[in-house]
Structures are given as C-alpha cells and as structure tokens.
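The file target-v3.txt comes next; it holds compact mmCIF, N, CA and C atoms.
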```
# COMPACT_ATOMS: atom_id res chain seq x y z
N MET P 193 16.24 36.47 -45.93
CA MET P 193 15.31 36.81 -44.89
C MET P 193 15.32 35.76 -43.78
N THR P 194 15.41 34.49 -44.15
CA THR P 194 15.40 33.41 -43.17
C THR P 194 16.65 33.47 -42.29
N ILE P 195 17.78 33.76 -42.87
CA ILE P 195 19.02 33.85 -42.10
C ILE P 195 18.91 34.98 -41.08
N ARG P 196 18.39 36.10 -41.49
CA ARG P 196 18.24 37.24 -40.58
C ARG P 196 17.29 36.87 -39.43
N THR P 197 16.19 36.19 -39.72
CA THR P 197 15.23 35.79 -38.69
C THR P 197 15.88 34.84 -37.69
N HIS P 198 16.63 33.87 -38.19
CA HIS P 198 17.31 32.92 -37.29
C HIS P 198 18.37 33.63 -36.45
N PHE P 199 19.06 34.58 -37.05
CA PHE P 199 20.07 35.33 -36.31
C PHE P 199 19.43 36.11 -35.17
N VAL P 200 18.34 36.81 -35.46
CA VAL P 200 17.65 37.59 -34.43
C VAL P 200 17.13 36.67 -33.33
N ALA P 201 16.55 35.54 -33.70
CA ALA P 201 16.04 34.59 -32.71
C ALA P 201 17.18 34.06 -31.85
N ALA P 202 18.31 33.76 -32.47
CA ALA P 202 19.47 33.25 -31.72
C ALA P 202 20.00 34.30 -30.75
N MET P 203 19.93 35.55 -31.12
CA MET P 203 20.41 36.62 -30.24
C MET P 203 19.44 36.87 -29.09
N LEU P 204 18.14 36.73 -29.33
CA LEU P 204 17.14 37.01 -28.31
C LEU P 204 16.99 35.88 -27.29
N MET P 205 17.31 34.66 -27.65
CA MET P 205 17.14 33.52 -26.74
C MET P 205 17.95 33.69 -25.45
N PRO P 206 19.24 34.00 -25.50
CA PRO P 206 19.99 34.16 -24.24
C PRO P 206 19.46 35.32 -23.40
N ILE P 207 19.04 36.39 -24.04
CA ILE P 207 18.49 37.54 -23.30
C ILE P 207 17.21 37.13 -22.58
N ALA P 208 16.35 36.41 -23.26
CA ALA P 208 15.10 35.95 -22.64
C ALA P 208 15.39 34.98 -21.50
N ALA P 209 16.36 34.09 -21.68
CA ALA P 209 16.69 33.12 -20.62
C ALA P 209 17.20 33.83 -19.37
N VAL P 210 18.05 34.81 -19.54
CA VAL P 210 18.57 35.57 -18.39
C VAL P 210 17.45 36.34 -17.72
N SER P 211 16.58 36.93 -18.50
CA SER P 211 15.46 37.69 -17.93
C SER P 211 14.55 36.79 -17.12
N LEU P 212 14.23 35.62 -17.63
CA LEU P 212 13.37 34.69 -16.90
C LEU P 212 14.05 34.18 -15.64
N ALA P 213 15.33 33.90 -15.71
CA ALA P 213 16.04 33.40 -14.53
C ALA P 213 16.08 34.44 -13.43
N SER P 214 16.25 35.69 -13.79
CA SER P 214 16.33 36.73 -12.76
C SER P 214 14.97 37.04 -12.15
N CYS P 215 13.89 36.73 -12.84
CA CYS P 215 12.55 36.99 -12.30
C CYS P 215 12.24 36.07 -11.13
N GLY P 216 12.83 34.87 -11.10
CA GLY P 216 12.49 33.89 -10.08
C GLY P 216 13.13 34.13 -8.73
N SER P 217 14.22 34.86 -8.66
CA SER P 217 14.90 35.03 -7.38
C SER P 217 14.44 36.32 -6.69
N LYS P 218 14.32 36.23 -5.38
CA LYS P 218 13.89 37.39 -4.60
C LYS P 218 15.10 38.23 -4.25
N SER P 219 14.89 39.52 -4.14
CA SER P 219 15.95 40.43 -3.74
C SER P 219 15.83 40.74 -2.26
N VAL P 220 16.95 40.69 -1.56
CA VAL P 220 16.97 41.08 -0.15
C VAL P 220 17.85 42.31 0.04
N GLU P 221 18.23 42.94 -1.07
CA GLU P 221 19.07 44.13 -0.98
C GLU P 221 18.38 45.20 -0.16
N GLY P 222 19.16 45.85 0.70
CA GLY P 222 18.61 46.92 1.53
C GLY P 222 19.26 46.94 2.90
N THR P 223 18.72 47.76 3.77
CA THR P 223 19.25 47.94 5.11
C THR P 223 18.25 47.40 6.12
N TYR P 224 18.78 46.67 7.10
CA TYR P 224 17.95 45.98 8.08
C TYR P 224 18.43 46.29 9.49
N ASN P 225 17.50 46.43 10.42
CA ASN P 225 17.84 46.45 11.84
C ASN P 225 17.97 45.00 12.27
N VAL P 226 19.00 44.70 13.05
CA VAL P 226 19.24 43.33 13.50
C VAL P 226 18.62 43.18 14.89
N THR P 227 17.70 42.25 15.03
CA THR P 227 17.11 41.96 16.33
C THR P 227 17.54 40.56 16.74
N LYS P 228 17.26 40.18 17.97
CA LYS P 228 17.73 38.91 18.51
C LYS P 228 19.25 38.84 18.44
N ALA P 229 19.91 39.97 18.56
CA ALA P 229 21.37 40.00 18.51
C ALA P 229 21.91 40.24 19.91
N PRO P 230 23.14 39.81 20.19
CA PRO P 230 23.71 40.02 21.52
C PRO P 230 23.92 41.49 21.87
N VAL P 231 24.03 42.34 20.86
CA VAL P 231 24.25 43.77 21.07
C VAL P 231 23.13 44.53 20.36
N PRO P 232 22.42 45.42 21.07
CA PRO P 232 21.33 46.15 20.42
C PRO P 232 21.85 47.25 19.49
N GLY P 233 21.05 47.60 18.50
CA GLY P 233 21.36 48.74 17.64
C GLY P 233 22.19 48.45 16.42
N ILE P 234 22.49 47.20 16.14
CA ILE P 234 23.31 46.88 14.98
C ILE P 234 22.43 46.87 13.73
N VAL P 235 22.99 47.37 12.64
CA VAL P 235 22.31 47.46 11.35
C VAL P 235 23.10 46.63 10.35
N ALA P 236 22.40 45.93 9.47
CA ALA P 236 23.04 45.15 8.42
C ALA P 236 22.60 45.70 7.07
N THR P 237 23.55 45.80 6.15
CA THR P 237 23.26 46.25 4.80
C THR P 237 23.56 45.12 3.84
N PHE P 238 22.59 44.76 3.02
CA PHE P 238 22.74 43.72 2.02
C PHE P 238 22.87 44.37 0.66
N GLY P 239 23.99 44.11 -0.01
CA GLY P 239 24.19 44.59 -1.37
C GLY P 239 23.76 43.53 -2.36
N LYS P 240 24.38 43.54 -3.53
CA LYS P 240 23.98 42.58 -4.57
C LYS P 240 24.26 41.14 -4.16
N ASN P 241 25.43 40.84 -3.64
CA ASN P 241 25.78 39.48 -3.22
C ASN P 241 26.51 39.44 -1.89
N SER P 242 26.65 40.59 -1.24
CA SER P 242 27.40 40.64 0.01
C SER P 242 26.63 41.42 1.06
N PHE P 243 27.05 41.24 2.32
CA PHE P 243 26.42 41.94 3.43
C PHE P 243 27.48 42.49 4.36
N THR P 244 27.15 43.55 5.09
CA THR P 244 28.02 44.10 6.12
C THR P 244 27.17 44.49 7.32
N PHE P 245 27.72 44.27 8.50
CA PHE P 245 27.09 44.70 9.73
C PHE P 245 27.77 45.99 10.16
N SER P 246 27.04 46.87 10.85
CA SER P 246 27.64 48.10 11.36
C SER P 246 28.70 47.80 12.41
N SER P 247 28.71 46.59 12.94
CA SER P 247 29.71 46.19 13.94
C SER P 247 31.01 45.74 13.29
N GLY P 248 31.02 45.60 11.96
CA GLY P 248 32.24 45.22 11.26
C GLY P 248 32.19 43.86 10.60
N ALA P 249 31.30 42.98 11.01
CA ALA P 249 31.20 41.65 10.39
C ALA P 249 30.71 41.81 8.95
N SER P 250 31.13 40.89 8.10
CA SER P 250 30.71 40.94 6.70
C SER P 250 30.83 39.57 6.07
N GLY P 251 30.34 39.44 4.88
CA GLY P 251 30.43 38.19 4.15
C GLY P 251 29.61 38.24 2.88
N ASN P 252 29.35 37.07 2.35
CA ASN P 252 28.57 36.94 1.12
C ASN P 252 27.27 36.22 1.43
N TYR P 253 26.33 36.32 0.50
CA TYR P 253 25.07 35.59 0.66
C TYR P 253 24.54 35.18 -0.69
N GLU P 254 23.66 34.21 -0.67
CA GLU P 254 22.92 33.84 -1.87
C GLU P 254 21.48 33.57 -1.49
N VAL P 255 20.60 33.81 -2.44
CA VAL P 255 19.17 33.58 -2.23
C VAL P 255 18.78 32.34 -3.02
N SER P 256 18.11 31.42 -2.34
CA SER P 256 17.62 30.21 -2.97
C SER P 256 16.15 30.04 -2.58
N GLY P 257 15.25 30.40 -3.47
CA GLY P 257 13.82 30.35 -3.15
C GLY P 257 13.48 31.35 -2.07
N ASP P 258 12.96 30.86 -0.94
CA ASP P 258 12.62 31.72 0.20
C ASP P 258 13.69 31.68 1.28
N THR P 259 14.90 31.26 0.92
CA THR P 259 15.97 31.11 1.90
C THR P 259 17.17 31.96 1.51
N VAL P 260 17.76 32.61 2.51
CA VAL P 260 18.99 33.38 2.32
C VAL P 260 20.09 32.64 3.08
N ILE P 261 21.20 32.36 2.40
CA ILE P 261 22.31 31.65 3.02
C ILE P 261 23.47 32.62 3.17
N LEU P 262 23.85 32.91 4.43
CA LEU P 262 24.96 33.82 4.72
C LEU P 262 26.23 33.02 4.94
N THR P 263 27.33 33.48 4.34
CA THR P 263 28.64 32.89 4.57
C THR P 263 29.61 34.01 4.85
N GLY P 264 30.23 33.97 6.00
CA GLY P 264 31.19 34.99 6.39
C GLY P 264 32.10 34.45 7.47
N MET P 265 33.07 35.25 7.88
CA MET P 265 34.00 34.80 8.93
C MET P 265 33.29 34.64 10.27
N SER P 266 32.48 35.60 10.67
CA SER P 266 31.85 35.53 11.99
C SER P 266 30.33 35.40 11.94
N VAL P 267 29.75 35.52 10.77
CA VAL P 267 28.30 35.40 10.64
C VAL P 267 28.00 34.41 9.52
N THR P 268 27.34 33.33 9.87
CA THR P 268 26.90 32.35 8.89
C THR P 268 25.49 31.90 9.27
N GLY P 269 24.83 31.26 8.37
CA GLY P 269 23.52 30.72 8.71
C GLY P 269 22.54 30.79 7.57
N THR P 270 21.39 30.20 7.82
CA THR P 270 20.31 30.16 6.87
C THR P 270 19.14 30.93 7.45
N TYR P 271 18.56 31.80 6.65
CA TYR P 271 17.48 32.67 7.09
C TYR P 271 16.31 32.55 6.13
N LYS P 272 15.13 32.51 6.67
CA LYS P 272 13.89 32.40 5.89
C LYS P 272 13.36 33.79 5.59
N ILE P 273 12.98 34.04 4.33
CA ILE P 273 12.38 35.32 3.96
C ILE P 273 10.91 35.27 4.36
N GLU P 274 10.53 36.15 5.28
CA GLU P 274 9.14 36.24 5.74
C GLU P 274 8.69 37.69 5.60
N GLY P 275 8.15 38.03 4.44
CA GLY P 275 7.73 39.40 4.17
C GLY P 275 8.93 40.32 4.13
N ASP P 276 8.99 41.31 5.04
CA ASP P 276 10.12 42.24 5.08
C ASP P 276 11.16 41.84 6.13
N LYS P 277 11.13 40.58 6.55
CA LYS P 277 12.08 40.08 7.56
C LYS P 277 12.86 38.89 7.03
N LEU P 278 14.05 38.73 7.58
CA LEU P 278 14.85 37.52 7.38
C LEU P 278 14.96 36.88 8.76
N VAL P 279 14.39 35.71 8.92
CA VAL P 279 14.29 35.09 10.24
C VAL P 279 15.16 33.85 10.30
N GLY P 280 16.04 33.81 11.33
CA GLY P 280 16.90 32.65 11.53
C GLY P 280 17.06 32.35 13.00
N ASP P 281 17.83 31.32 13.30
CA ASP P 281 18.06 30.93 14.69
C ASP P 281 18.93 31.95 15.42
N GLN P 282 19.92 32.50 14.72
CA GLN P 282 20.87 33.40 15.36
C GLN P 282 20.36 34.84 15.44
N PHE P 283 19.85 35.37 14.34
CA PHE P 283 19.39 36.76 14.27
C PHE P 283 18.06 36.83 13.54
N THR P 284 17.40 37.97 13.68
CA THR P 284 16.28 38.33 12.82
C THR P 284 16.60 39.70 12.23
N PHE P 285 16.48 39.81 10.92
CA PHE P 285 16.72 41.07 10.23
C PHE P 285 15.37 41.66 9.86
N VAL P 286 15.12 42.90 10.28
CA VAL P 286 13.87 43.59 9.97
C VAL P 286 14.20 44.75 9.05
N ARG P 287 13.59 44.75 7.86
CA ARG P 287 13.90 45.82 6.89
C ARG P 287 13.69 47.18 7.53
N ARG P 288 14.66 48.03 7.38
CA ARG P 288 14.67 49.35 7.99
C ARG P 288 13.75 50.29 7.22
N ASP P 289 12.92 51.01 7.94
CA ASP P 289 12.02 52.00 7.34
C ASP P 289 12.88 53.11 6.72
N PRO P 290 12.59 53.53 5.49
CA PRO P 290 13.38 54.59 4.86
C PRO P 290 13.38 55.89 5.68
N ASN P 291 12.37 56.11 6.51
CA ASN P 291 12.30 57.31 7.33
C ASN P 291 13.00 57.16 8.68
N ASP P 292 13.56 55.99 8.95
CA ASP P 292 14.26 55.74 10.22
C ASP P 292 15.57 56.53 10.21
N LYS P 293 15.69 57.47 11.11
CA LYS P 293 16.87 58.34 11.16
C LYS P 293 17.82 57.96 12.30
N SER P 294 17.58 56.83 12.97
CA SER P 294 18.48 56.41 14.04
C SER P 294 19.84 56.05 13.45
N PRO P 295 20.91 56.13 14.24
CA PRO P 295 22.26 55.90 13.72
C PRO P 295 22.41 54.50 13.13
N VAL P 296 23.22 54.40 12.10
CA VAL P 296 23.52 53.10 11.50
C VAL P 296 24.97 52.71 11.72
N ASN P 297 25.69 53.47 12.54
CA ASN P 297 27.11 53.20 12.72
C ASN P 297 27.42 52.70 14.12
N LEU P 298 26.50 51.95 14.73
CA LEU P 298 26.77 51.46 16.07
C LEU P 298 27.80 50.34 16.01
N GLY P 299 28.76 50.42 16.88
CA GLY P 299 29.82 49.42 16.93
C GLY P 299 29.48 48.30 17.88
N PRO P 300 30.45 47.45 18.19
CA PRO P 300 30.20 46.25 18.98
C PRO P 300 29.75 46.51 20.42
N ARG P 301 29.99 47.68 20.96
CA ARG P 301 29.56 47.97 22.33
C ARG P 301 28.36 48.91 22.36
N GLY P 302 27.72 49.10 21.22
CA GLY P 302 26.55 49.98 21.17
C GLY P 302 26.91 51.44 21.06
N MET P 303 28.21 51.75 20.87
CA MET P 303 28.64 53.14 20.72
C MET P 303 28.73 53.47 19.24
N SER P 304 28.60 54.73 18.92
CA SER P 304 28.86 55.13 17.54
C SER P 304 30.37 55.12 17.35
N ASN P 305 30.80 55.09 16.11
CA ASN P 305 32.24 55.11 15.85
C ASN P 305 32.89 56.36 16.41
N ALA P 306 32.18 57.49 16.38
CA ALA P 306 32.72 58.74 16.92
C ALA P 306 32.94 58.61 18.43
N GLN P 307 32.00 57.99 19.14
CA GLN P 307 32.16 57.83 20.58
C GLN P 307 33.31 56.90 20.89
N GLY P 308 33.47 55.86 20.09
CA GLY P 308 34.54 54.90 20.33
C GLY P 308 35.92 55.48 20.10
N ASN P 309 36.01 56.54 19.31
CA ASN P 309 37.30 57.18 19.01
C ASN P 309 37.57 58.36 19.92
N GLY P 310 36.77 58.54 20.97
CA GLY P 310 36.99 59.63 21.91
C GLY P 310 36.52 60.97 21.39
N GLN P 311 35.69 61.00 20.39
CA GLN P 311 35.23 62.27 19.81
C GLN P 311 33.92 62.68 20.41
```

Written as structure tokens, how would this file's structure read?
Amino acid sequence: MTIRTHFVAAMLMPIAAVSLASCGSKSVEGTYNVTKAPVPGIVATFGKNSFTFSSGASGNYEVSGDTVILTGMSVTGTYKIEGDKLVGDQFTFVRRDPNDKSPVNLGPRGMSNAQGNGQ
C-alpha cells in the first residue's frame, strides 16, 4: 500500500507543478486592432507563442508578468498589459470586439488583399 501511495504522489507532483506554473502567466491570445501605427486598419493576431499582423509582419512573443515581449524581423518591443490593451512605445494593441465585422485583411497601404490584387 505504501509503494502505491508513493507512486501516485510521485505521478501527481509534476502535474500539480505544471498546473500551478500555468496559472501565473497571463494569456494575450486573441485578435487586436493596432492603434498608434503608421498605417490605419491593421489587425494583429496572437496565438500561443507567435503573432502575425494583417500587413504581413510576424514573430514570436513571451509573457513575463504584466509584460509582453515581441521578437520578430520587423516588429520588436516590450508592451505592458493594461486590461484588454497591450501598450508600448511603438504600437498599442486593443483587443478586438468579437462582434467587430470590419475587415482583418488590410495590407500595408490600407487596402484589402483583394484590392491589392486588382480584384
């Protein structure tokens, strides 16, 4: 009986440690309208560890406390999590309302991809 109890405890410890570690980090996954950007209408989507802009820029990110650190070829920086916003010197990301039906495919000149292809 003692061996079985120790075995169960040994198996549950790593699961509990992972669960506790994941509780401490904030999630920024979702879609955001980018404000304070040189081009209006750009949308950014944050996945599990990566982000993409509707303009084509992309990269990775990590969350450390209330800070999001972006690393990419053309977009880098540190952003503070303030409620439903990510605020930084370069851009501000505002979480997109699920009912927002405005286009999310705006390219670098504010055109949709269809407009840019002559369609």

message: I'd like the neighbourhood of Met265 in chain P as a list in words, where a residue qualifies if any of its atoms comes within 9 Å (using only C-alpha atoms), though same-chain residues fewer than 4 positions away should be ignored.
response: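 With the cut-off at 9 Å, the set is Ala249, Ser250 and Gly251 of chain P.
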
Next, the residues of the selection above should be written as an mmCIF file, keeping the file's coordinate frame with N, CA and C atoms.
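Now in out_30.cif:
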```
data_model
loop_
_atom_site.group_PDB
_atom_site.id
_atom_site.type_symbol
_atom_site.label_atom_id
_atom_site.label_comp_id
_atom_site.auth_asym_id
_atom_site.auth_seq_id
_atom_site.Cartn_x
_atom_site.Cartn_y
_atom_site.Cartn_z
ATOM 1 N N ALA P 249 31.300 42.980 11.010
ATOM 2 C CA ALA P 249 31.200 41.650 10.390
ATOM 3 C C ALA P 249 30.710 41.810 8.950
ATOM 4 N N SER P 250 31.130 40.890 8.100
ATOM 5 C CA SER P 250 30.710 40.940 6.700
ATOM 6 C C SER P 250 30.830 39.570 6.070
ATOM 7 N N GLY P 251 30.340 39.440 4.880
ATOM 8 C CA GLY P 251 30.430 38.190 4.150
ATOM 9 C C GLY P 251 29.610 38.240 2.880
#
```

field: Between CA of Val235 in chain P and atom N of Lys272 in chain P - distance in Å to one decimal
entry: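 Between atom N of Lys272 in chain P and CA of Val235 in chain P the gap is 17.2 Å.
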
- prompt: Quick one: distance from atom C of Ile234 in chain P to atom C of Ser294 in chain P in Å, one decimal?
  reply: 9.5 Å

task: Write out as a PyMOL selection string which residues come within 6.5 Å of Val255 in chain P when counting only N, CA and C atoms, dropping same-chain ones fewer than 4 positions away.
output: chain P and resi 217-218+259-261

message: Taking only N, CA and C atoms into account, name the residue in P:Ala229, P:Gly257, P:Glu221, P:Phe283 that is nearest to Asn241 in chain P.
response: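 Looking only at the distances to Asn241 in chain P, the closest residue turns out to be P:Glu221.
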
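If you count all atoms listed in the file and ignore residues fewer than 5 places along the chain from range 286-291 of chain P, what sits within 5 Å of it is Thr223, Tyr224, Asn225, Asp276 and Lys277 of chain P.
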
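The gap separating CA of Pro295 in chain P from CA of Leu262 in chain P is 24.0 Å, in Å to one decimal.
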